[in-house]
Number of protein chains: 2
Amino acid sequence: MINSNFCIILLFENESMSNCIKDISHTSAFSHLTNTETNILERNKTTITYKKNEYIIKQGTFANNILFIKKGLAKLFIEGNQKRIILTIKMADNFLGLSSLYYDKKLYLYSASVLEDCEIDLYDKQAFKHVLSQNVDFANEMIKFLNHNSARIYSRLLCVTEKNARGKVADMILCLANNIFGCFEFTIPLSRQELAEFAGLSMENTIRILKEFENDKLIKLKGKDFKIINPEMLERISEYG
Amino acid sequence: MINSNFCIILLFENESMSNCIKDISHTSAFSHLTNTETNILERNKTTITYKKNEYIIKQGTFANNILFIKKGLAKLFIEGNQKRIILTIKMADNFLGLSSLYYDKKLYLYSASVLEDCEIDLYDKQAFKHVLSQNVDFANEMIKFLNHNSARIYSRLLCVTEKNARGKVADMILCLANNIFGCFEFTIPLSRQELAEFAGLSMENTIRILKEFENDKLIKLKGKDFKIINPEMLERISEYG
DNA sequence: CTATAATATTGATTTAAATCAATAAAAATT
DNA sequence: AATTTTTATTGATTTAAATCAATATTATAG
């Protein structure tokens, strides 16, 4: 189940590349804990494995856990009345559900499900909050992660409102390359429908635009195997074209 | 300059009303500070008055301050290459710029400008962070505010992607009534262009839909004076109509 | 109190993207 | 391996919303 494609073309550390914001590792937070605090968390933790397509978090349910992805790949998405929108793809070493930490309605704000089999630590929220209320460095790390997430959502909101369909698809491809896979050649564990939900378009339109990009020799596409040939041009399309 | 309209029709505390999330007062945070900490903040504070249309925060500039609105009304917006989107309207007793607190790029993620003359406390970010790194209750309050904000942005993102134009306008009107003015009759300090940026539509379309709503006796509209006549129907339109 | 500029409104037209419909390909099941 | 089901693709059509254009109203400046 694990994605085994090689990364043939390396990426430069180019900040300006697409509007999508790169994830940061959340493991750093744990280094701020004392032994006692680590023990508290350990004692209030269960590790669960989730299989492909299983729900990890269901939007609107009571947020009783803070989750930490140890292995695998998950998609985060918002479910509306008639549509869904994929917020981002989360990989190992990332917390899930942080934004429900102190949100007064105590509900998960988004759903998460498995793309590649996951191993996830579930921390009891009360215990987590207890540690948080004792350790200011830990709390500050959480603020950092939350803000990083905010930055992503803001740029997402802008993307959705101002880009045209081609721009959205180009942006999505660059986002996957730069920030999820860190590589110009990848196999994506998403269906066409899910790609559409990620781009915020209809499936048919998404497919059509992908074909267009292929015809224009910007990408190579075979099923779920992507290869980016002309990232500069994609970049240009992304910022309106 | 201060909005002096009366609130003739009171609102019920109805959670389900529109997707827009009501602001919470941020003053509570200060009660967690010790005298020393309060002094640190006071010594690193300037109070500035801003006049109508002035920029308070400019997106992309270095985030050197954490701001607190003491008086007035401000709009928060994201500026893209070709469009802007108004995120929300912020009133007194609210922090601005919290999401740049620990964001590693150290830039403001959005812009803010004045709708009704503002009196704003500017705290030096370093001093603010210093207090934050000492006082865990204060830090936890910040997490609460940030999460509240995340909840709003998520619901905004969903609104923008899944609602049609009428739904967006209905949602905006309900949001203004329920969460900004807390009242079914209000005078809105926004131009038609700004209303359009709030709804995420073109100005012409926004105006047309407002007229439609007026013809259908859902609202009464005279320049910038709004009166909501049929909130239930607006509610229904908001969730797809 | 005009003149000028800015904002708002209305109508006609265009266009981009969604939807609908048919078919093809792939995956899963027997 | 054959059948069924699901997913993907392509083309035709519709539609909602943007754009363009003209005019009206309101605000601002002289």
# chains A, B, ... in the order shown; residues from 1 in each chain; ligands from 1
$ interface_residues --of "chain A" --to "chain C" --cutoff "12 Å" --atoms "only C-alpha atoms (C1' of nucleotides)" --output "PDB file with all heavy atoms, in the first residue's frame"
ATOM      1  N   LYS A 163      -8.743  32.143  -8.769  1.00  0.00           N
ATOM      2  CA  LYS A 163      -8.160  31.418  -9.899  1.00  0.00           C
ATOM      3  C   LYS A 163      -9.246  30.825 -10.789  1.00  0.00           C
ATOM      4  O   LYS A 163     -10.304  30.449 -10.320  1.00  0.00           O
ATOM      5  CB  LYS A 163      -7.256  30.294  -9.392  1.00  0.00           C
ATOM      6  CG  LYS A 163      -5.921  30.764  -8.845  1.00  0.00           C
ATOM      7  CD  LYS A 163      -4.966  29.593  -8.737  1.00  0.00           C
ATOM      8  CE  LYS A 163      -3.912  29.806  -7.658  1.00  0.00           C
ATOM      9  NZ  LYS A 163      -3.173  31.050  -7.748  1.00  0.00           N
ATOM     10  N   ASN A 164      -8.951  30.739 -12.071  1.00  0.00           N
ATOM     11  CA  ASN A 164      -9.847  30.020 -12.972  1.00  0.00           C
ATOM     12  C   ASN A 164      -9.508  28.526 -12.913  1.00  0.00           C
ATOM     13  O   ASN A 164      -8.579  28.126 -12.202  1.00  0.00           O
ATOM     14  CB  ASN A 164      -9.771  30.579 -14.394  1.00  0.00           C
ATOM     15  CG  ASN A 164      -8.418  30.346 -15.043  1.00  0.00           C
ATOM     16  OD1 ASN A 164      -7.555  29.666 -14.477  1.00  0.00           O
ATOM     17  ND2 ASN A 164      -8.211  30.907 -16.205  1.00  0.00           N
ATOM     18  N   ALA A 165     -10.272  27.737 -13.677  1.00  0.00           N
ATOM     19  CA  ALA A 165     -10.145  26.281 -13.545  1.00  0.00           C
ATOM     20  C   ALA A 165      -8.723  25.793 -13.847  1.00  0.00           C
ATOM     21  O   ALA A 165      -8.170  24.974 -13.116  1.00  0.00           O
ATOM     22  CB  ALA A 165     -11.150  25.592 -14.458  1.00  0.00           C
ATOM     23  N   ARG A 166      -8.134  26.327 -14.920  1.00  0.00           N
ATOM     24  CA  ARG A 166      -6.769  25.911 -15.264  1.00  0.00           C
ATOM     25  C   ARG A 166      -5.802  26.270 -14.147  1.00  0.00           C
ATOM     26  O   ARG A 166      -4.922  25.478 -13.781  1.00  0.00           O
ATOM     27  CB  ARG A 166      -6.331  26.573 -16.567  1.00  0.00           C
ATOM     28  CG  ARG A 166      -6.917  25.903 -17.820  1.00  0.00           C
ATOM     29  CD  ARG A 166      -6.728  26.786 -19.052  1.00  0.00           C
ATOM     30  NE  ARG A 166      -5.336  27.090 -19.334  1.00  0.00           N
ATOM     31  CZ  ARG A 166      -4.538  26.325 -20.098  1.00  0.00           C
ATOM     32  NH1 ARG A 166      -5.024  25.224 -20.634  1.00  0.00           N
ATOM     33  NH2 ARG A 166      -3.281  26.659 -20.315  1.00  0.00           N
ATOM     34  N   GLY A 200     -11.342  21.873  -6.417  1.00  0.00           N
ATOM     35  CA  GLY A 200     -12.569  22.655  -6.277  1.00  0.00           C
ATOM     36  C   GLY A 200     -13.302  22.822  -7.590  1.00  0.00           C
ATOM     37  O   GLY A 200     -13.846  23.869  -7.902  1.00  0.00           O
ATOM     38  N   LEU A 201     -13.323  21.752  -8.389  1.00  0.00           N
ATOM     39  CA  LEU A 201     -13.960  21.786  -9.709  1.00  0.00           C
ATOM     40  C   LEU A 201     -14.802  20.526  -9.894  1.00  0.00           C
ATOM     41  O   LEU A 201     -14.765  19.626  -9.063  1.00  0.00           O
ATOM     42  CB  LEU A 201     -12.882  21.803 -10.801  1.00  0.00           C
ATOM     43  CG  LEU A 201     -11.932  22.986 -10.863  1.00  0.00           C
ATOM     44  CD1 LEU A 201     -10.816  22.700 -11.844  1.00  0.00           C
ATOM     45  CD2 LEU A 201     -12.683  24.255 -11.252  1.00  0.00           C
ATOM     46  N   SER A 202     -15.522  20.478 -11.018  1.00  0.00           N
ATOM     47  CA  SER A 202     -16.223  19.240 -11.343  1.00  0.00           C
ATOM     48  C   SER A 202     -15.199  18.236 -11.866  1.00  0.00           C
ATOM     49  O   SER A 202     -14.139  18.614 -12.376  1.00  0.00           O
ATOM     50  CB  SER A 202     -17.285  19.493 -12.407  1.00  0.00           C
ATOM     51  OG  SER A 202     -16.675  19.724 -13.667  1.00  0.00           O
ATOM     52  N   MET A 203     -15.535  16.975 -11.756  1.00  0.00           N
ATOM     53  CA  MET A 203     -14.602  15.933 -12.169  1.00  0.00           C
ATOM     54  C   MET A 203     -14.296  16.034 -13.662  1.00  0.00           C
ATOM     55  O   MET A 203     -13.144  15.965 -14.079  1.00  0.00           O
ATOM     56  CB  MET A 203     -15.192  14.564 -11.849  1.00  0.00           C
ATOM     57  CG  MET A 203     -14.275  13.414 -12.184  1.00  0.00           C
ATOM     58  SD  MET A 203     -15.009  11.826 -11.764  1.00  0.00           S
ATOM     59  CE  MET A 203     -16.424  11.805 -12.845  1.00  0.00           C
ATOM     60  N   GLU A 204     -15.349  16.225 -14.449  1.00  0.00           N
ATOM     61  CA  GLU A 204     -15.174  16.269 -15.902  1.00  0.00           C
ATOM     62  C   GLU A 204     -14.223  17.391 -16.307  1.00  0.00           C
ATOM     63  O   GLU A 204     -13.335  17.210 -17.144  1.00  0.00           O
ATOM     64  CB  GLU A 204     -16.523  16.471 -16.599  1.00  0.00           C
ATOM     65  CG  GLU A 204     -17.504  15.329 -16.433  1.00  0.00           C
ATOM     66  CD  GLU A 204     -18.407  15.515 -15.230  1.00  0.00           C
ATOM     67  OE1 GLU A 204     -17.951  16.104 -14.233  1.00  0.00           O
ATOM     68  OE2 GLU A 204     -19.567  15.075 -15.288  1.00  0.00           O
ATOM     69  N   ASN A 205     -14.420  18.532 -15.695  1.00  0.00           N
ATOM     70  CA  ASN A 205     -13.591  19.672 -16.023  1.00  0.00           C
ATOM     71  C   ASN A 205     -12.137  19.428 -15.611  1.00  0.00           C
ATOM     72  O   ASN A 205     -11.208  19.757 -16.353  1.00  0.00           O
ATOM     73  CB  ASN A 205     -14.138  20.916 -15.311  1.00  0.00           C
ATOM     74  CG  ASN A 205     -13.835  22.183 -16.068  1.00  0.00           C
ATOM     75  OD1 ASN A 205     -13.470  22.139 -17.240  1.00  0.00           O
ATOM     76  ND2 ASN A 205     -13.962  23.305 -15.398  1.00  0.00           N
ATOM     77  N   THR A 206     -11.963  18.832 -14.471  1.00  0.00           N
ATOM     78  CA  THR A 206     -10.619  18.533 -13.983  1.00  0.00           C
ATOM     79  C   THR A 206      -9.889  17.614 -14.961  1.00  0.00           C
ATOM     80  O   THR A 206      -8.737  17.863 -15.337  1.00  0.00           O
ATOM     81  CB  THR A 206     -10.700  17.855 -12.604  1.00  0.00           C
ATOM     82  OG1 THR A 206     -11.473  18.678 -11.739  1.00  0.00           O
ATOM     83  CG2 THR A 206      -9.322  17.655 -12.003  1.00  0.00           C
ATOM     84  N   ARG A 208     -10.537  17.112 -18.138  1.00  0.00           N
ATOM     85  CA  ARG A 208     -10.310  17.831 -19.387  1.00  0.00           C
ATOM     86  C   ARG A 208      -9.055  18.700 -19.295  1.00  0.00           C
ATOM     87  O   ARG A 208      -8.232  18.724 -20.214  1.00  0.00           O
ATOM     88  CB  ARG A 208     -11.514  18.727 -19.691  1.00  0.00           C
ATOM     89  CG  ARG A 208     -12.268  18.321 -20.931  1.00  0.00           C
ATOM     90  CD  ARG A 208     -13.405  19.290 -21.170  1.00  0.00           C
ATOM     91  NE  ARG A 208     -14.482  19.113 -20.180  1.00  0.00           N
ATOM     92  CZ  ARG A 208     -15.568  18.355 -20.415  1.00  0.00           C
ATOM     93  NH1 ARG A 208     -15.719  17.755 -21.561  1.00  0.00           N
ATOM     94  NH2 ARG A 208     -16.500  18.240 -19.497  1.00  0.00           N
ATOM     95  N   ILE A 209      -8.918  19.397 -18.199  1.00  0.00           N
ATOM     96  CA  ILE A 209      -7.774  20.296 -18.040  1.00  0.00           C
ATOM     97  C   ILE A 209      -6.471  19.505 -17.896  1.00  0.00           C
ATOM     98  O   ILE A 209      -5.445  19.882 -18.459  1.00  0.00           O
ATOM     99  CB  ILE A 209      -8.000  21.251 -16.850  1.00  0.00           C
ATOM    100  CG1 ILE A 209      -9.103  22.254 -17.218  1.00  0.00           C
ATOM    101  CG2 ILE A 209      -6.737  22.011 -16.491  1.00  0.00           C
ATOM    102  CD1 ILE A 209      -9.702  22.975 -16.045  1.00  0.00           C
ATOM    103  N   GLY A 223      -2.856   7.216 -15.691  1.00  0.00           N
ATOM    104  CA  GLY A 223      -3.615   6.768 -14.528  1.00  0.00           C
ATOM    105  C   GLY A 223      -3.345   7.693 -13.359  1.00  0.00           C
ATOM    106  O   GLY A 223      -3.662   8.874 -13.416  1.00  0.00           O
TER     107      GLY A 223
END
$ calpha_fit_and_write --fixed "chain A" --moving "chain B" --output "tab-separated table (two decimals) with C-alpha atoms, in the first residue's frame"
chain	number	residue	atom	x	y	z
B	1	MET	CA	0.13	0.10	-0.01
B	2	ILE	CA	3.01	2.42	0.61
B	3	ASN	CA	3.85	4.75	-2.22
B	4	SER	CA	7.12	3.54	-3.64
B	5	ASN	CA	7.85	5.88	-6.49
B	6	PHE	CA	11.31	7.32	-6.75
B	7	CYS	CA	12.08	10.95	-6.77
B	8	ILE	CA	14.08	11.41	-9.92
B	9	ILE	CA	13.92	15.13	-10.27
B	10	LEU	CA	14.80	17.00	-7.13
B	11	LEU	CA	13.09	20.21	-6.20
B	12	PHE	CA	14.73	23.46	-5.38
B	13	GLU	CA	13.80	25.24	-2.21
B	14	ASN	CA	11.72	27.75	-4.07
B	15	GLU	CA	9.41	29.74	-1.84
B	16	SER	CA	7.43	31.31	-4.62
B	17	MET	CA	6.30	28.00	-6.05
B	18	SER	CA	2.50	27.84	-6.01
B	19	ASN	CA	0.34	29.20	-3.28
B	20	CYS	CA	0.19	25.98	-1.42
B	21	ILE	CA	2.01	26.08	1.86
B	22	LYS	CA	4.39	23.34	2.81
B	23	ASP	CA	3.67	21.32	5.89
B	24	ILE	CA	6.00	21.46	8.86
B	25	SER	CA	6.83	18.49	11.03
B	26	HIS	CA	5.09	18.51	14.38
B	27	THR	CA	7.48	16.18	16.19
B	28	SER	CA	9.41	19.14	17.61
B	29	ALA	CA	6.59	19.70	20.10
B	30	PHE	CA	7.38	16.54	22.05
B	31	SER	CA	10.91	17.64	22.80
B	32	HIS	CA	9.52	20.36	25.07
B	33	LEU	CA	7.88	17.89	27.41
B	34	THR	CA	9.21	16.83	30.79
B	35	ASN	CA	9.31	13.15	31.63
B	36	THR	CA	6.22	13.48	33.77
B	37	GLU	CA	4.34	15.16	30.96
B	38	THR	CA	5.47	12.57	28.45
B	39	ASN	CA	4.20	9.91	30.81
B	40	ILE	CA	0.83	11.59	31.16
B	41	LEU	CA	0.45	11.65	27.39
B	42	GLU	CA	1.67	8.06	27.04
B	43	ARG	CA	-0.80	6.83	29.61
B	44	ASN	CA	-3.63	8.58	27.78
B	45	LYS	CA	-2.76	7.38	24.34
B	46	THR	CA	-4.01	4.60	22.08
B	47	THR	CA	-2.39	3.70	18.82
B	48	ILE	CA	-4.75	2.67	16.08
B	49	THR	CA	-4.18	1.53	12.53
B	50	TYR	CA	-6.59	2.71	9.91
B	51	LYS	CA	-7.04	1.13	6.52
B	52	LYS	CA	-7.51	2.81	3.15
B	53	ASN	CA	-10.71	4.87	2.93
B	54	GLU	CA	-11.55	4.55	6.63
B	55	TYR	CA	-12.65	7.65	8.45
B	56	ILE	CA	-10.18	8.94	11.03
B	57	ILE	CA	-12.15	12.01	11.96
B	58	LYS	CA	-15.76	12.72	11.14
B	59	GLN	CA	-16.65	16.36	10.88
B	60	GLY	CA	-19.28	17.49	13.37
B	61	THR	CA	-18.68	14.72	15.91
B	62	PHE	CA	-17.41	15.46	19.38
B	63	ALA	CA	-13.72	16.13	19.39
B	64	ASN	CA	-12.49	13.87	22.14
B	65	ASN	CA	-9.04	13.25	20.77
B	66	ILE	CA	-6.00	14.98	19.49
B	67	LEU	CA	-4.46	12.75	16.85
B	68	PHE	CA	-0.91	12.31	15.66
B	69	ILE	CA	-0.12	10.57	12.38
B	70	LYS	CA	2.83	8.24	12.82
B	71	LYS	CA	2.61	6.54	9.46
B	72	GLY	CA	0.60	6.80	6.29
B	73	LEU	CA	-1.26	9.46	4.38
B	74	ALA	CA	-4.61	11.06	5.11
B	75	LYS	CA	-6.82	13.57	3.40
B	76	LEU	CA	-8.52	16.36	5.31
B	77	PHE	CA	-11.77	17.59	3.89
B	78	ILE	CA	-14.82	19.66	4.67
B	79	GLU	CA	-18.20	18.15	3.96
B	80	GLY	CA	-20.96	20.49	2.94
B	81	ASN	CA	-24.54	19.83	2.02
B	82	GLN	CA	-23.79	19.07	-1.58
B	83	LYS	CA	-20.07	19.26	-2.01
B	84	ARG	CA	-16.85	18.36	-0.33
B	85	ILE	CA	-13.61	20.18	-0.52
B	86	ILE	CA	-10.28	18.59	0.21
B	87	LEU	CA	-8.30	20.94	2.39
B	88	THR	CA	-4.97	19.23	2.30
B	89	ILE	CA	-3.17	15.94	2.43
B	90	LYS	CA	-1.47	15.16	5.70
B	91	MET	CA	1.40	12.81	6.18
B	92	ALA	CA	3.39	11.35	9.06
B	93	ASP	CA	4.53	13.51	11.97
B	94	ASN	CA	1.51	15.76	11.91
B	95	PHE	CA	-1.21	16.46	14.42
B	96	LEU	CA	-4.84	16.24	13.45
B	97	GLY	CA	-7.69	17.95	15.23
B	98	LEU	CA	-5.67	20.70	16.87
B	99	SER	CA	-8.15	23.28	15.74
B	100	SER	CA	-10.79	21.65	17.93
B	101	LEU	CA	-8.57	21.94	20.98
B	102	TYR	CA	-10.31	24.89	22.54
B	103	TYR	CA	-13.04	25.59	20.08
B	104	ASP	CA	-16.06	26.08	22.27
B	105	LYS	CA	-18.43	23.89	20.30
B	106	LYS	CA	-16.11	20.96	20.93
B	107	LEU	CA	-16.71	19.48	17.49
B	108	TYR	CA	-14.29	18.47	14.79
B	109	LEU	CA	-14.26	21.14	12.11
B	110	TYR	CA	-13.28	18.81	9.30
B	111	SER	CA	-13.20	15.15	8.36
B	112	ALA	CA	-10.12	13.06	7.73
B	113	SER	CA	-9.85	9.72	5.97
B	114	VAL	CA	-7.08	7.37	4.93
B	115	LEU	CA	-5.30	7.52	1.59
B	116	GLU	CA	-2.48	5.16	2.53
B	117	ASP	CA	-2.78	2.92	5.58
B	118	CYS	CA	-2.21	4.93	8.71
B	119	GLU	CA	-0.87	4.36	12.16
B	120	ILE	CA	-2.22	7.02	14.42
B	121	ASP	CA	-1.77	7.96	18.07
B	122	LEU	CA	-4.96	9.12	19.70
B	123	TYR	CA	-4.42	11.30	22.74
B	124	ASP	CA	-7.21	11.96	25.15
B	125	LYS	CA	-8.08	15.60	24.72
B	126	GLN	CA	-8.40	16.32	28.42
B	127	ALA	CA	-4.96	14.87	29.15
B	128	PHE	CA	-3.56	16.77	26.22
B	129	LYS	CA	-5.08	19.99	27.48
B	130	HIS	CA	-3.76	19.27	30.93
B	131	VAL	CA	-0.22	19.07	29.61
B	132	LEU	CA	-0.89	22.13	27.53
B	133	SER	CA	-2.00	24.06	30.58
B	134	GLN	CA	1.25	23.24	32.35
B	135	ASN	CA	3.84	23.58	29.66
B	136	VAL	CA	4.05	26.92	27.98
B	137	ASP	CA	6.63	25.85	25.40
B	138	PHE	CA	4.38	23.03	24.32
B	139	ALA	CA	1.47	25.48	24.09
B	140	ASN	CA	3.54	27.83	21.98
B	141	GLU	CA	4.41	25.04	19.61
B	142	MET	CA	0.69	24.40	19.18
B	143	ILE	CA	0.16	28.05	18.36
B	144	LYS	CA	2.86	27.71	15.74
B	145	PHE	CA	1.15	24.73	14.14
B	146	LEU	CA	-2.25	26.38	14.22
B	147	ASN	CA	-0.88	29.50	12.59
B	148	HIS	CA	0.82	27.51	9.93
B	149	ASN	CA	-2.49	25.92	9.22
B	150	SER	CA	-4.24	29.27	9.10
B	151	ALA	CA	-1.75	30.46	6.54
B	152	ARG	CA	-2.63	27.49	4.39
B	153	ILE	CA	-6.35	28.02	4.64
B	154	TYR	CA	-6.06	31.69	3.78
B	155	SER	CA	-4.11	30.91	0.65
B	156	ARG	CA	-6.61	28.20	-0.16
B	157	LEU	CA	-9.49	30.61	0.15
B	158	LEU	CA	-7.80	33.04	-2.19
B	159	CYS	CA	-7.06	30.30	-4.68
B	160	VAL	CA	-10.66	29.15	-4.73
B	161	THR	CA	-12.01	32.66	-5.27
B	162	GLU	CA	-9.62	34.16	-7.75
B	163	LYS	CA	-8.16	31.42	-9.91
B	164	ASN	CA	-9.85	30.02	-12.99
B	165	ALA	CA	-10.15	26.27	-13.55
B	166	ARG	CA	-6.78	25.89	-15.26
B	167	GLY	CA	-5.13	27.88	-12.52
B	168	LYS	CA	-6.71	25.67	-9.88
B	169	VAL	CA	-5.54	22.47	-11.50
B	170	ALA	CA	-2.04	23.85	-12.08
B	171	ASP	CA	-1.92	24.98	-8.48
B	172	MET	CA	-3.02	21.58	-7.26
B	173	ILE	CA	-0.35	19.78	-9.27
B	174	LEU	CA	2.38	22.09	-8.01
B	175	CYS	CA	1.10	21.74	-4.48
B	176	LEU	CA	1.26	17.97	-4.68
B	177	ALA	CA	4.75	18.09	-6.15
B	178	ASN	CA	6.27	20.72	-3.91
B	179	ASN	CA	4.56	20.16	-0.65
B	180	ILE	CA	3.13	16.71	-0.42
B	181	PHE	CA	5.55	14.52	-2.36
B	182	GLY	CA	8.49	16.90	-2.62
B	183	CYS	CA	9.15	15.59	-6.09
B	184	PHE	CA	8.18	16.13	-9.73
B	185	GLU	CA	7.22	12.52	-10.28
B	186	PHE	CA	4.69	10.87	-8.03
B	187	THR	CA	1.86	8.41	-7.84
B	188	ILE	CA	-1.19	9.97	-6.40
B	189	PRO	CA	-3.51	7.92	-4.20
B	190	LEU	CA	-6.53	9.98	-5.23
B	191	SER	CA	-9.35	9.19	-7.63
B	192	ARG	CA	-10.28	11.68	-10.32
B	193	GLN	CA	-13.27	12.65	-8.22
B	194	GLU	CA	-10.98	13.38	-5.30
B	195	LEU	CA	-8.61	15.36	-7.49
B	196	ALA	CA	-11.63	17.42	-8.49
B	197	GLU	CA	-12.54	17.96	-4.83
B	198	PHE	CA	-8.98	19.05	-4.20
B	199	ALA	CA	-9.05	21.53	-7.08
B	200	GLY	CA	-12.57	22.66	-6.27
B	201	LEU	CA	-13.96	21.78	-9.69
B	202	SER	CA	-16.23	19.23	-11.33
B	203	MET	CA	-14.61	15.91	-12.14
B	204	GLU	CA	-15.19	16.24	-15.88
B	205	ASN	CA	-13.60	19.64	-16.01
B	206	THR	CA	-10.63	18.51	-13.97
B	207	ILE	CA	-10.00	15.59	-16.31
B	208	ARG	CA	-10.31	17.80	-19.36
B	209	ILE	CA	-7.78	20.27	-18.03
B	210	LEU	CA	-5.36	17.51	-17.09
B	211	LYS	CA	-5.61	16.29	-20.69
B	212	GLU	CA	-4.98	19.79	-21.92
B	213	PHE	CA	-1.86	20.03	-19.80
B	214	GLU	CA	-0.73	16.71	-21.19
B	215	ASN	CA	-1.29	17.81	-24.78
B	216	ASP	CA	0.64	20.98	-24.07
B	217	LYS	CA	3.49	18.85	-22.72
B	218	LEU	CA	3.32	20.38	-19.25
B	219	ILE	CA	2.79	17.04	-17.55
B	220	LYS	CA	2.80	13.35	-18.32
B	221	LEU	CA	-0.10	11.40	-16.93
B	222	LYS	CA	-0.84	7.70	-16.83
B	223	GLY	CA	-3.62	6.75	-14.50
B	224	LYS	CA	-2.44	7.94	-11.13
B	225	ASP	CA	1.19	8.45	-12.18
B	226	PHE	CA	2.10	12.09	-12.56
B	227	LYS	CA	5.24	13.54	-14.04
B	228	ILE	CA	5.73	17.26	-14.21
B	229	ILE	CA	7.61	18.33	-17.31
B	230	ASN	CA	7.22	22.09	-17.36
B	231	PRO	CA	6.82	23.45	-13.83
B	232	GLU	CA	7.59	27.03	-14.86
B	233	MET	CA	4.65	27.06	-17.24
B	234	LEU	CA	2.38	25.47	-14.63
B	235	GLU	CA	3.52	28.16	-12.25
B	236	ARG	CA	2.52	30.81	-14.74
B	237	ILE	CA	-0.87	29.20	-15.35
B	238	SER	CA	-1.40	28.94	-11.62
B	239	GLU	CA	-1.16	32.68	-11.18
B	240	TYR	CA	-3.90	33.27	-13.67
B	241	GLY	CA	-3.82	31.80	-17.18
$ select_by_dssp --residues "region 37-237 of chain A" --states "strand (DSSP E or B)" --output "PyMOL selection string"
chain A and resi 45-50+55-57+62+65-79+84-91+94-96+107+111-124+185-187+219-222+225-228
$ interface_residues --of "chain D" --to "chain B" --cutoff "9 Å" --atoms "only C-alpha atoms (C1' of nucleotides)" --output "list of chain:residue names"
D:DA16, D:DA17, D:DA18
$ select_by_dssp --residues "region 18-81 of chain B" --states "alpha helix (DSSP H)" --output "VMD selection string"
chain B and resid 35 to 43
$ write_last_selection --atoms "N, CA, C and O atoms" --output "short mmCIF file (atom, residue, chain, number, x, y, z; two decimals), in the first residue's frame"
data_model
loop_
_atom_site.label_atom_id
_atom_site.label_comp_id
_atom_site.auth_asym_id
_atom_site.auth_seq_id
_atom_site.Cartn_x
_atom_site.Cartn_y
_atom_site.Cartn_z
N ASN B 35 0.31 41.25 37.46
CA ASN B 35 0.59 42.69 37.36
C ASN B 35 1.86 42.96 36.56
O ASN B 35 1.89 43.87 35.73
N THR B 36 2.87 42.16 36.84
CA THR B 36 4.13 42.33 36.11
C THR B 36 3.90 42.18 34.60
O THR B 36 4.39 42.99 33.80
N GLU B 37 3.17 41.16 34.24
CA GLU B 37 2.93 40.92 32.82
C GLU B 37 2.12 42.04 32.19
O GLU B 37 2.42 42.49 31.07
N THR B 38 1.10 42.49 32.93
CA THR B 38 0.32 43.63 32.43
C THR B 38 1.23 44.82 32.20
O THR B 38 1.12 45.50 31.16
N ASN B 39 2.14 45.04 33.13
CA ASN B 39 3.06 46.17 32.99
C ASN B 39 3.95 46.02 31.76
O ASN B 39 4.18 47.00 31.04
N ILE B 40 4.44 44.82 31.56
CA ILE B 40 5.28 44.59 30.36
C ILE B 40 4.51 44.98 29.11
O ILE B 40 4.99 45.73 28.26
N LEU B 41 3.27 44.50 29.02
CA LEU B 41 2.47 44.81 27.84
C LEU B 41 2.21 46.31 27.74
O LEU B 41 2.31 46.90 26.66
N GLU B 42 1.89 46.93 28.88
CA GLU B 42 1.58 48.37 28.87
C GLU B 42 2.77 49.18 28.39
O GLU B 42 2.63 50.14 27.64
N ARG B 43 3.96 48.77 28.86
CA ARG B 43 5.16 49.51 28.48
C ARG B 43 5.50 49.32 27.01
O ARG B 43 6.22 50.12 26.42
#
